[in-house]
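Have a look at target_10.cif below; it lists mmCIF, C-alpha atoms.
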```cif
data_query
loop_
_atom_site.label_atom_id
_atom_site.label_comp_id
_atom_site.auth_asym_id
_atom_site.auth_seq_id
_atom_site.Cartn_x
_atom_site.Cartn_y
_atom_site.Cartn_z
CA GLN C 1049 -64.94 -128.06 -6.89
CA ASN C 1050 -68.66 -127.93 -7.47
CA LEU C 1051 -70.07 -126.14 -10.47
CA GLY C 1052 -72.00 -122.94 -10.01
CA ARG C 1053 -75.20 -123.68 -11.97
CA THR C 1054 -76.02 -126.46 -14.38
CA ARG C 1055 -79.10 -127.31 -16.39
CA SER C 1056 -80.29 -130.64 -17.68
CA ARG C 1057 -83.21 -130.56 -20.09
CA GLY C 1058 -84.61 -133.46 -21.98
CA MET C 1059 -87.15 -136.19 -22.19
CA GLU C 1060 -87.42 -139.93 -21.79
CA ILE C 1061 -89.76 -142.22 -23.69
CA GLU C 1062 -90.29 -145.93 -23.01
CA THR C 1063 -92.69 -148.38 -24.55
CA GLU C 1064 -93.44 -152.06 -24.25
CA ALA C 1065 -95.67 -154.30 -26.32
CA ARG C 1066 -96.68 -157.92 -25.83
CA PHE C 1067 -97.48 -160.15 -28.76
CA GLY C 1068 -99.30 -163.33 -27.93
CA ARG C 1069 -98.34 -165.24 -24.81
CA TYR C 1070 -94.61 -165.38 -25.35
CA TRP C 1071 -93.24 -162.25 -27.09
CA THR C 1072 -92.34 -158.91 -25.52
CA ILE C 1073 -90.72 -156.00 -27.35
CA SER C 1074 -89.63 -152.84 -25.61
CA GLY C 1075 -87.63 -149.75 -26.37
CA GLY C 1076 -86.59 -146.49 -24.91
CA TYR C 1077 -85.03 -143.17 -25.82
CA LEU C 1078 -83.41 -140.56 -23.57
CA LEU C 1079 -82.54 -137.01 -24.59
CA ALA C 1080 -80.41 -135.27 -21.96
CA ASP C 1081 -79.07 -131.81 -22.78
CA ALA C 1082 -76.88 -131.19 -19.73
CA THR C 1083 -74.80 -127.99 -19.75
CA VAL C 1084 -72.97 -125.64 -17.41
CA LEU C 1085 -74.88 -122.36 -17.13
CA GLU C 1086 -72.69 -120.45 -14.69
CA PHE C 1087 -69.33 -121.07 -13.08
CA PRO C 1088 -67.68 -117.87 -11.87
CA ALA C 1089 -64.55 -119.74 -10.75
CA ASN C 1090 -63.90 -120.85 -14.37
CA THR C 1091 -66.07 -119.11 -16.96
CA THR C 1092 -64.52 -121.18 -19.79
CA LEU C 1093 -66.79 -124.04 -18.66
CA GLU C 1094 -69.97 -122.03 -19.18
CA GLY C 1095 -72.03 -123.35 -22.09
CA LEU C 1096 -70.12 -126.65 -22.22
CA ARG C 1097 -71.66 -130.08 -21.82
CA ILE C 1098 -71.49 -131.97 -18.52
CA PRO C 1099 -68.88 -134.78 -18.76
CA GLN C 1100 -70.00 -138.41 -19.19
CA VAL C 1101 -73.58 -137.48 -20.16
CA PRO C 1102 -74.44 -138.47 -23.75
CA LYS C 1103 -77.08 -136.27 -25.33
CA HIS C 1104 -78.85 -139.27 -26.92
CA GLN C 1105 -79.32 -142.81 -25.60
CA ALA C 1106 -81.54 -145.59 -26.94
CA THR C 1107 -82.37 -149.19 -26.05
CA PHE C 1108 -84.31 -151.95 -27.75
CA GLN C 1109 -85.22 -155.39 -26.38
CA ALA C 1110 -87.03 -158.39 -27.80
CA ARG C 1111 -87.77 -161.41 -25.63
CA TYR C 1112 -89.41 -164.76 -26.18
CA THR C 1113 -90.43 -166.40 -22.90
CA ASN C 1114 -91.99 -169.85 -22.86
CA PRO C 1115 -91.35 -171.39 -19.41
CA ARG C 1116 -91.90 -174.91 -20.78
CA LEU C 1117 -89.28 -174.49 -23.51
CA ILE C 1118 -86.83 -171.61 -23.39
CA THR C 1119 -86.31 -167.91 -22.85
CA LEU C 1120 -84.48 -166.02 -25.60
CA GLY C 1121 -83.64 -162.34 -25.63
CA VAL C 1122 -81.75 -159.74 -27.60
CA GLN C 1123 -80.93 -156.22 -26.46
CA ALA C 1124 -79.41 -153.33 -28.38
CA ARG C 1125 -77.95 -150.25 -26.70
CA ALA C 1126 -76.74 -147.05 -28.33
CA GLY C 1127 -75.31 -143.85 -26.96
CA GLY C 1128 -74.46 -140.55 -28.59
CA GLN C 1129 -71.29 -138.55 -28.30
CA GLN C 1130 -70.23 -137.45 -24.85
CA PHE C 1131 -67.14 -135.91 -23.33
CA ASP C 1132 -64.82 -137.33 -20.70
CA ASP C 1133 -63.67 -133.95 -19.38
CA ASP C 1134 -65.21 -130.70 -18.21
CA LEU C 1135 -63.54 -128.67 -21.01
CA ASN C 1136 -65.13 -130.92 -23.68
CA ARG C 1137 -61.72 -131.61 -25.25
CA PHE C 1138 -61.88 -135.41 -25.03
CA PRO C 1139 -64.88 -136.77 -26.96
CA LEU C 1140 -65.82 -140.39 -26.36
CA GLY C 1141 -67.86 -140.82 -29.52
CA ARG C 1142 -70.93 -142.90 -30.18
CA TYR C 1143 -71.40 -146.57 -29.39
CA PHE C 1144 -73.74 -149.40 -30.33
CA THR C 1145 -73.78 -152.89 -28.81
CA ILE C 1146 -75.98 -155.96 -28.97
CA ASP C 1147 -76.39 -158.55 -26.20
CA THR C 1148 -78.15 -161.92 -26.25
CA LEU C 1149 -79.50 -164.31 -23.63
CA ALA C 1150 -80.83 -167.87 -23.65
CA SER C 1151 -82.05 -169.77 -20.60
CA ARG C 1152 -83.88 -173.00 -19.92
CA ARG C 1153 -85.63 -174.10 -16.74
CA LEU C 1154 -84.55 -177.61 -15.74
CA THR C 1155 -86.52 -177.91 -12.51
CA PRO C 1156 -88.61 -175.44 -10.49
CA ASN C 1157 -85.39 -174.35 -8.74
CA PHE C 1158 -82.71 -174.68 -11.45
CA ASP C 1159 -82.13 -172.88 -14.75
CA VAL C 1160 -79.20 -173.06 -17.13
CA PHE C 1161 -78.30 -169.93 -19.05
CA PHE C 1162 -75.99 -168.63 -21.74
CA ALA C 1163 -75.39 -164.93 -22.45
CA ALA C 1164 -73.19 -162.95 -24.80
CA GLU C 1165 -72.61 -159.23 -24.40
CA ASN C 1166 -71.29 -156.97 -27.17
CA ILE C 1167 -71.67 -159.85 -29.64
CA PHE C 1168 -70.05 -157.95 -32.53
CA ASN C 1169 -67.05 -157.06 -30.32
CA GLN C 1170 -67.49 -153.32 -30.94
CA ARG C 1171 -64.70 -151.10 -29.66
CA TYR C 1172 -65.77 -147.82 -28.10
CA LEU C 1173 -64.19 -145.36 -25.70
CA THR C 1174 -65.42 -145.12 -22.12
CA GLY C 1175 -62.66 -142.84 -20.84
CA ARG C 1176 -59.79 -140.67 -22.03
CA THR C 1177 -58.49 -138.97 -18.91
CA PRO C 1178 -55.81 -139.63 -17.89
CA VAL C 1179 -55.53 -142.72 -20.13
CA THR C 1180 -57.70 -144.11 -22.90
CA THR C 1181 -60.15 -146.74 -21.65
CA ILE C 1182 -62.05 -149.00 -24.03
CA GLY C 1183 -65.44 -150.57 -23.30
CA PRO C 1184 -65.61 -154.30 -22.63
CA PRO C 1185 -65.07 -156.66 -25.58
CA LEU C 1186 -67.25 -159.65 -26.42
CA LEU C 1187 -68.13 -161.33 -23.13
CA ILE C 1188 -69.60 -164.82 -23.07
CA ARG C 1189 -70.87 -166.39 -19.89
CA GLY C 1190 -73.00 -169.30 -18.88
CA GLY C 1191 -74.06 -171.02 -15.75
CA ILE C 1192 -76.69 -172.50 -13.52
CA ARG C 1193 -79.15 -170.35 -11.62
CA PHE C 1194 -80.48 -171.77 -8.34
CA ARG C 1195 -83.56 -170.28 -6.62
CA LEU C 1196 -84.28 -170.77 -2.92
CA ARG C 1197 -87.95 -170.94 -2.12
CA GLY C 1198 -89.02 -169.69 1.31
#
```
Could you render the structure from this file as structure tokens?
Amino acid sequence: QNLGRTRSRGMEIETEARFGRYWTISGGYLLADATVLEFPANTTLEGLRIPQVPKHQATFQARYTNPRLITLGVQARAGGQQFDDDLNRFPLGRYFTIDTLASRRLTPNFDVFFAAENIFNQRYLTGRTPVTTIGPPLLIRGGIRFRLRG
């Protein structure tokens, strides 16, 4: 069933700064106040938050890119409390994760890379209906990237 009327108010801010030839730092913030305004079929939903929409989200990235040497990056992501259900009975809570990346160009067409996501192995909820679902644990991956030139 579709909702009668919803409203999503907020703002998004992003910024990026370069330092010298090799450093880039960026960040962003999103405020999303998403609520149900009217729903005649079920008035208990009126005034509640829209499921799976955190009110606050933020990101931060720092990257060092020197094509002759290496590319290194770190990214942090954070999200505020959100709900998994339309009645706002199942909060998912806040989360904070940090990811890293390192890559090295071997030839004009080949790179090797190593990445780690959620490096502190933070546990956070991504779902609670009908069963509890936990976000991904520490994930480490590496490989070779091949580029085809046309």
* To do: Apply the PyMOL selection byres ((chain C and resi 1166) around 10) to the file shown and report the selected residues as a list in words.
  =>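 When the PyMOL selection byres ((chain C and resi 1166) around 10) is applied, the selected residues are Gln1123, Ala1124, Arg1125, Phe1144, Thr1145, Ile1146, Asp1147, Thr1148, Ala1164, Glu1165, Ile1167, Phe1168, Asn1169, Gln1170, Arg1171, Gly1183, Pro1184, Pro1185, Leu1186, Leu1187 and Ile1188 of chain C.
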* Separation of atom CA of C:Arg1137 and atom CA of C:Gly1052, in Å? ->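 It comes out at 20.3 Å.
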List every residue of stretch 1122-1194 of chain C that has an atom at most 12 Å from any atom of stretch 1072-1082 of chain C, giving for each one its closest atom pair and the distance in Å to one decimal, counting all atoms listed in the file, sorted by chain and then by ascending residue number, as a tab-separated table.
```
residue	atom	partner	partner_atom	distance
C:Val1122	CA	C:Ile1073	CA	9.7
C:Gln1123	CA	C:Gly1075	CA	9.3
C:Ala1124	CA	C:Gly1075	CA	9.2
C:Arg1125	CA	C:Gly1076	CA	9.6
C:Ala1126	CA	C:Tyr1077	CA	9.5
C:Gly1127	CA	C:Leu1078	CA	9.4
C:Gly1128	CA	C:Leu1079	CA	9.7
C:Gln1129	CA	C:Ala1080	CA	11.6
C:Gln1130	CA	C:Ala1082	CA	10.5
C:Phe1131	CA	C:Ala1082	CA	11.4
C:Asp1134	CA	C:Ala1082	CA	11.8
```
* Report the distance between atom CA of C:Phe1138 and atom CA of C:His1104 in Å, rounded to one decimal place. => 17.5 Å
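Residue nearest C:Glu1086 within the list C:Ile1061, C:Gln1100, C:Leu1051, C:Asn1114: C:Leu1051 [criterion: smallest interatomic distance, only C-alpha atoms].
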* For this file, the PyMOL selection byres ((chain C and resi 1173) around 6) selects which residues, as a PyMOL selection string? -> chain C and resi 1140+1172+1174-1175+1181-1183
* Given the choices C:Leu1117, C:Ala1163, C:Val1179, C:Ala1110, which gets closest to C:Arg1066 if the distance is worked out from only C-alpha atoms? -> C:Ala1110
* **Pick from C:Thr1177, C:Thr1091, C:Thr1054, C:Pro1115, whichever lies nearest to C:Thr1155 using only C-alpha atoms** =>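 Using only C-alpha atoms, the shortest distance to C:Thr1155 belongs to C:Pro1115.
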